[in-house]
Every structure is written in C-alpha cells, then in structure tokens.
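Here's entry36.cif, which has mmCIF, C-alpha atoms:
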data_protein
loop_
_atom_site.label_atom_id
_atom_site.label_comp_id
_atom_site.auth_asym_id
_atom_site.auth_seq_id
_atom_site.Cartn_x
_atom_site.Cartn_y
_atom_site.Cartn_z
CA MET C 181 -21.09 70.87 162.08
CA GLN C 182 -18.52 68.31 163.02
CA ASP C 183 -20.38 66.82 165.97
CA GLY C 184 -23.47 65.47 164.23
CA GLY C 185 -25.61 68.58 164.09
CA THR C 186 -26.02 69.66 167.67
CA LYS C 187 -28.06 72.83 167.78
CA PRO C 188 -26.01 75.83 168.93
CA THR C 189 -27.17 77.51 172.11
CA GLU C 190 -29.88 80.02 171.27
CA SER C 191 -28.96 83.64 172.04
CA THR C 192 -31.37 85.82 173.94
CA ALA C 193 -32.60 89.15 172.55
CA ASP C 194 -30.46 90.94 175.15
CA GLN C 195 -27.33 89.02 174.14
CA LEU C 196 -27.95 89.87 170.50
CA ARG C 197 -28.59 93.54 171.32
CA ILE C 198 -25.36 93.77 173.34
CA SER C 199 -23.37 92.03 170.59
CA TYR C 200 -24.73 93.90 167.58
CA SER C 201 -26.24 97.24 168.60
CA GLY C 202 -22.82 98.93 168.52
CA SER C 203 -22.47 98.23 164.81
CA LEU C 204 -26.15 98.37 163.76
CA ASN C 205 -27.39 101.48 165.61
CA PRO C 206 -25.04 103.90 163.80
CA ILE C 207 -26.30 102.78 160.37
CA LYS C 208 -30.04 102.64 161.07
CA SER C 209 -32.20 105.66 160.43
CA LEU C 210 -33.69 107.58 163.33
CA SER C 211 -37.18 106.23 162.70
CA ASP C 212 -36.02 102.59 162.49
CA GLN C 213 -36.35 100.17 165.36
CA ILE C 214 -34.23 97.02 165.47
CA ILE C 215 -35.81 93.90 166.91
CA TYR C 216 -33.35 91.19 167.85
CA HIS C 217 -34.68 87.72 167.17
CA SER C 218 -32.61 84.56 167.53
CA VAL C 219 -32.30 82.10 164.67
CA LYS C 220 -33.91 78.66 164.77
CA TYR C 221 -31.85 75.80 163.39
CA LYS C 222 -33.46 73.00 161.41
CA ILE C 223 -31.29 69.90 161.76
CA LEU C 224 -31.50 67.55 158.81
CA PHE C 225 -30.80 63.81 158.56
CA GLY C 226 -29.08 62.67 161.77
CA THR C 227 -30.43 61.28 165.03
CA ASN C 228 -30.62 64.83 166.43
CA SER C 229 -33.13 65.84 163.75
CA ASP C 230 -36.89 65.50 163.89
CA GLU C 231 -38.14 61.96 163.21
CA GLU C 232 -39.51 62.79 159.75
CA LEU C 233 -36.15 64.31 158.72
CA GLN C 234 -33.92 61.38 159.73
CA ALA C 235 -32.38 59.61 156.76
CA THR C 236 -29.64 57.32 155.51
CA PHE C 237 -27.36 58.27 152.63
CA LYS C 238 -26.87 55.22 150.45
CA VAL C 239 -23.85 55.46 148.20
CA VAL C 240 -22.43 53.22 145.52
CA LYS C 241 -18.64 53.13 145.62
CA ASN C 242 -16.66 52.79 142.42
CA THR C 243 -15.35 49.21 142.40
CA LYS C 244 -12.19 50.40 140.63
CA THR C 245 -11.12 52.55 143.56
CA ASN C 246 -8.96 51.28 146.38
CA ILE C 247 -10.31 53.68 148.99
CA THR C 248 -11.79 52.03 152.08
CA ASP C 249 -15.46 52.19 153.01
CA ALA C 250 -14.57 54.19 156.14
CA VAL C 251 -12.81 56.85 154.06
CA ILE C 252 -15.75 57.03 151.63
CA LYS C 253 -18.20 57.53 154.52
CA THR C 254 -15.99 60.19 156.12
CA ARG C 255 -15.60 62.07 152.85
CA VAL C 256 -19.36 61.94 152.17
CA ILE C 257 -20.04 63.48 155.60
CA GLN C 258 -17.33 66.06 155.01
CA ALA C 259 -18.98 67.04 151.71
CA ILE C 260 -22.40 67.23 153.38
CA ASN C 261 -21.01 69.44 156.15
CA GLU C 262 -19.37 71.73 153.59
CA PHE C 263 -22.64 71.96 151.66
CA PHE C 264 -24.51 72.95 154.83
CA ALA C 265 -21.99 75.59 155.94
CA LEU C 266 -23.96 78.51 157.37
CA ASP C 267 -22.53 80.89 154.75
CA ASN C 268 -24.31 78.86 152.04
CA TRP C 269 -27.82 79.37 153.44
CA ASP C 270 -30.27 82.16 154.07
CA PHE C 271 -33.32 82.17 156.29
CA GLY C 272 -36.33 80.54 154.66
CA ASP C 273 -34.30 78.71 151.99
CA THR C 274 -35.46 75.45 150.48
CA PHE C 275 -33.21 72.39 150.47
CA TYR C 276 -33.14 70.35 147.26
CA PHE C 277 -31.44 66.96 147.44
CA THR C 278 -30.40 67.18 143.79
CA GLU C 279 -28.12 70.11 144.66
CA LEU C 280 -26.56 68.17 147.55
CA ALA C 281 -26.14 65.06 145.38
CA ALA C 282 -24.38 67.11 142.69
CA TYR C 283 -22.05 68.60 145.32
CA ILE C 284 -21.25 65.16 146.77
CA HIS C 285 -20.54 63.80 143.29
CA ASN C 286 -18.24 66.72 142.48
CA GLN C 287 -16.32 66.24 145.73
CA MET C 288 -16.11 62.45 145.51
CA ALA C 289 -15.41 61.80 141.80
CA PRO C 290 -14.19 59.29 140.66
CA ASP C 291 -14.48 57.27 143.91
CA LEU C 292 -18.27 57.45 144.14
CA LEU C 293 -20.73 56.37 141.45
CA THR C 294 -23.98 57.61 143.00
CA ALA C 295 -25.61 58.81 146.21
CA VAL C 296 -29.26 58.78 147.26
CA ILE C 297 -31.11 59.72 150.40
CA VAL C 298 -33.58 57.29 151.94
CA PRO C 299 -35.86 58.32 154.82
CA ASN C 300 -35.59 56.25 158.00
CA GLN C 301 -39.25 56.59 158.92
CA SER C 302 -41.13 53.61 157.47
CA GLY C 303 -44.21 55.68 156.56
CA GLN C 304 -42.18 57.80 154.17
CA SER C 305 -41.26 56.84 150.65
CA PHE C 306 -38.18 57.36 148.53
CA GLY C 307 -38.11 60.99 147.38
CA SER C 308 -39.99 62.41 150.37
CA LEU C 309 -36.81 64.22 151.52
CA PHE C 310 -35.85 65.57 148.09
CA GLN C 311 -37.26 69.01 149.00
CA ILE C 312 -37.38 70.46 152.51
CA ASN C 313 -38.57 73.97 153.31
CA SER C 314 -37.49 76.15 156.21
CA ALA C 315 -39.42 78.91 157.92
CA ALA C 316 -38.47 82.56 157.56
CA ASP C 317 -36.51 82.41 160.85
CA GLU C 318 -34.93 78.97 160.28
CA ILE C 319 -31.64 77.93 158.76
CA PHE C 320 -30.49 74.40 157.89
CA ILE C 321 -27.63 72.50 159.50
CA SER C 322 -26.66 68.90 158.89
CA GLY C 323 -26.96 66.30 161.62
CA ALA C 324 -25.60 63.47 159.48
CA THR C 325 -22.75 61.34 160.82
CA VAL C 326 -20.81 58.45 159.30
CA SER C 327 -23.36 56.07 160.84
CA ASP C 328 -25.95 57.68 158.53
CA VAL C 329 -24.00 56.62 155.42
CA SER C 330 -24.43 53.13 154.00
CA ILE C 331 -22.33 51.74 151.18
CA ILE C 332 -24.29 49.55 148.77
CA THR C 333 -23.26 47.71 145.62
CA ALA C 334 -26.13 48.87 143.38
CA LEU C 335 -29.41 50.78 143.47
CA GLY C 336 -32.61 48.76 143.49
CA ALA C 337 -36.06 48.81 145.04
CA ASN C 338 -34.84 47.10 148.21
CA GLN C 339 -32.15 49.74 148.79
CA LEU C 340 -34.60 52.62 148.30
CA ALA C 341 -37.21 51.43 150.83
CA ALA C 342 -37.30 53.23 154.17
CA SER C 343 -35.77 50.78 156.58
CA GLY C 344 -33.65 52.76 158.99
CA THR C 345 -34.11 53.18 162.68
CA VAL C 346 -35.78 56.40 163.74
CA VAL C 347 -34.38 57.83 166.95
CA THR C 348 -37.08 59.37 169.11
CA SER C 349 -35.00 60.23 172.18
CA THR C 350 -31.33 60.55 172.97
CA SER C 351 -29.14 60.62 176.03
CA THR C 352 -25.91 62.52 176.49
CA THR C 353 -22.63 60.87 177.41
CA SER C 354 -19.18 62.38 177.73
CA THR C 355 -16.17 60.88 176.03
CA LEU C 356 -12.53 61.84 175.93
CA THR C 357 -10.85 61.76 172.55
CA LEU C 358 -7.07 61.66 172.71
CA ALA C 359 -6.15 61.76 169.05
CA ASN C 360 -7.78 61.54 165.67
CA PRO C 361 -5.57 59.68 163.19
CA PHE C 362 -7.70 60.93 160.24
CA SER C 363 -7.28 64.66 160.86
#
Please rewrite the model in this file as structure tokens.
Amino acid sequence: MQDGGTKPTESTADQLRISYSGSLNPIKSLSDQIIYHSVKYKILFGTNSDEELQATFKVVKNTKTNITDAVIKTRVIQAINEFFALDNWDFGDTFYFTELAAYIHNQMAPDLLTAVIVPNQSGQSFGSLFQINSAADEIFISGATVSDVSIITALGANQLAASGTVVTSTSTTSTLTLANPFS
C-alpha cells in the first residue's frame, strides 16, 4: 500500500460471484456450493490502524553512511510495504516482528544498524506488537508511513518506551500532487 494503508473497498457477495463464478463453477463438483465472502483487512501500524496496533518504527542509521534521514525513512517504508504485499500473506496468518525486522535489515544493509517497533499507546510495553494474529477471514496490510519512522542514535530504555501519539479519529482531505522527485 503506497497511501498509508487505506482499506480497499469491500466487495459484496454478488460482486464476487459475478467476478469469479465463471472460473470457479466449471471446476467445482456438482455437490459443492461456493459461498462468496469478502476479505477483511487488518491494517497494522499507521494512523489508519486500530489504536492498539499503532506504532513507531525506531531505526538506528549507520553513522558511516551518507544517505539522508529522509531517504532512510522512505526506504524503510518501502521495505515494510514489500513485506506486506498481499501475495506474501494468507488468511489467518500470524505476523512476527522478527521476520519483518530481518527483511528490513536485508533491504537496508549496510545503511541501517537496527530497527525496532514501539507501540504508540502508552498502556502497551515494548514487545507487545512482536506477534499479531489475524482471524481466518483477515489479511494484513501495512498502514505505516514515513511519519511512523523515527531515526535515533542508539537503543536505550527511553527509546523503547511507548510515547507516540495514538490517532483515534481522522478526517479526509484532498491534495493534488504534481510530481514526485523521488520516484
């Protein structure tokens, strides 16, 4: 998701039947009945996610690199979006932060020394988002944006404490983007 994890419009059972019955009906057996049920998306990390799933990615940049903080943040979000590509997930999967951290490290080496995830909700502690389960009809998508990435100089107790702002409501505004110099 490039736009911060906006949930796609949910299809109705009729829309799904019209779209897929032509290819599914010929391969089902006569006694089978197909029930079309739309997927539910579970947005993780950004302001569009549930309050208890909002988080900040805190990363330590390699001091020997000359890459700007903005590029580091953009590349971290790009790696997160690649990790959460729909082809990488099945319904009911479990998210493990260690897998995401390994992916980020592989994509960002040698420019990034480490990455951790810190919940924004003050009642949560470091590690509370290391494992997230989805229901049998849910699939994960990332809602993280560059504003959810913070570059720090070192890991310590102060950096691991939940201290972010939890967004409880949002409003929609329209903007016109003329050109993206980073694309």
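Proximity of C:Ser322, C:Ser302, C:Ala315, C:Asn242 to C:Pro290, computed with all atoms listed in the file, is greatest for C:Asn242.
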Would you mind telling me which residue in C:Ser218, C:Gln258, C:Ser229, C:Asn313 lies nearest to C:Thr189 when using all atoms listed in the file? C:Ser218
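Distances to C:Gln301 were evaluated for C:Thr236, C:Thr248, C:Gln287, C:Asn261 using all atoms listed in the file, and the minimum falls at C:Thr236.
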Å distance separating atom CA of C:Asn246 from atom CA of C:Leu280, one decimal place: 24.4 Å
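Every protein or nucleic acid residue with an atom no more than 6 Å from C:Gln234, counting only C-alpha atoms and leaving out same-chain residues fewer than 4 positions away, appears here: C:Phe225, C:Gly226, C:Asn300.
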Determine the residue set returned by the PyMOL selection byres ((chain C and resi 310) around 12) for the present structure, and present it as a list in words. Leu224, Phe225, Leu233, Ala235, Thr274, Phe275, Tyr276, Phe277, Thr278, Glu279, Leu280, Ala281, Val296, Ile297, Val298, Pro299, Gln304, Ser305, Phe306, Gly307, Ser308, Leu309, Gln311, Ile312 and Asn313 of chain C
Counting only C-alpha atoms, what is within 10 Å of C:Tyr283, bar same-chain residues fewer than 6 positions away, as a ChimeraX atom specification? /C:256,259-260,262-263,277
Can you write out the residues you just picked, keeping C-alpha atoms, as a compact mmCIF listing (two decimals), in the frame of the given file?
# COMPACT_ATOMS: atom_id res chain seq x y z
CA VAL C 256 -19.36 61.94 152.17
CA ALA C 259 -18.98 67.04 151.71
CA ILE C 260 -22.40 67.23 153.38
CA GLU C 262 -19.37 71.73 153.59
CA PHE C 263 -22.64 71.96 151.66
CA PHE C 277 -31.44 66.96 147.44
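Atom CA of C:Gly303 lies 9.1 Å from atom CA of C:Glu232.
The shortest atom-to-atom distance to C:Val251, with all atoms listed in the file taken into account, belongs to C:Met288 out of C:Ala193, C:Ala316, C:Leu204, C:Met288.
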Would you compute the distance between atom CA of C:Ile331 and atom CA of C:Ser314? Give it in Å to one decimal. 29.2 Å
Take the PyMOL selection byres ((chain C and resi 215) around 9), run it mentally on this structure, and tell me the resulting residues as a VMD selection string. chain C and resid 193 197 213 to 214 216 to 217
C:Ser191 surroundings by all atoms listed in the file, 9 Å radius, close-in-sequence under 3 positions cut, as a PyMOL selection string: chain C and resi 188+194-196+217-219
Using C-alpha atoms, can you write the selected residues to a file as a compact mmCIF listing (two decimals), in the frame of the given file?
# COMPACT_ATOMS: atom_id res chain seq x y z
CA PRO C 188 -26.01 75.83 168.93
CA ASP C 194 -30.46 90.94 175.15
CA GLN C 195 -27.33 89.02 174.14
CA LEU C 196 -27.95 89.87 170.50
CA HIS C 217 -34.68 87.72 167.17
CA SER C 218 -32.61 84.56 167.53
CA VAL C 219 -32.30 82.10 164.67
Enumerate, as a PyMOL selection string, the residues matched when the PyMOL selection byres ((chain C and resi 239) around 7) is run on the file above. chain C and resi 237-238+240-241+294-296+330-332
Where's the centre, and what are the edge lengths in Å to one decimal, of a box along x, y and z enclosing all listed atoms of stretch 216-226 of chain C padded 8 Å per side, as JSON?
{"center_x": -31.9, "center_y": 76.9, "center_z": 163.2, "size_x": 21.6, "size_y": 44.5, "size_z": 25.3}
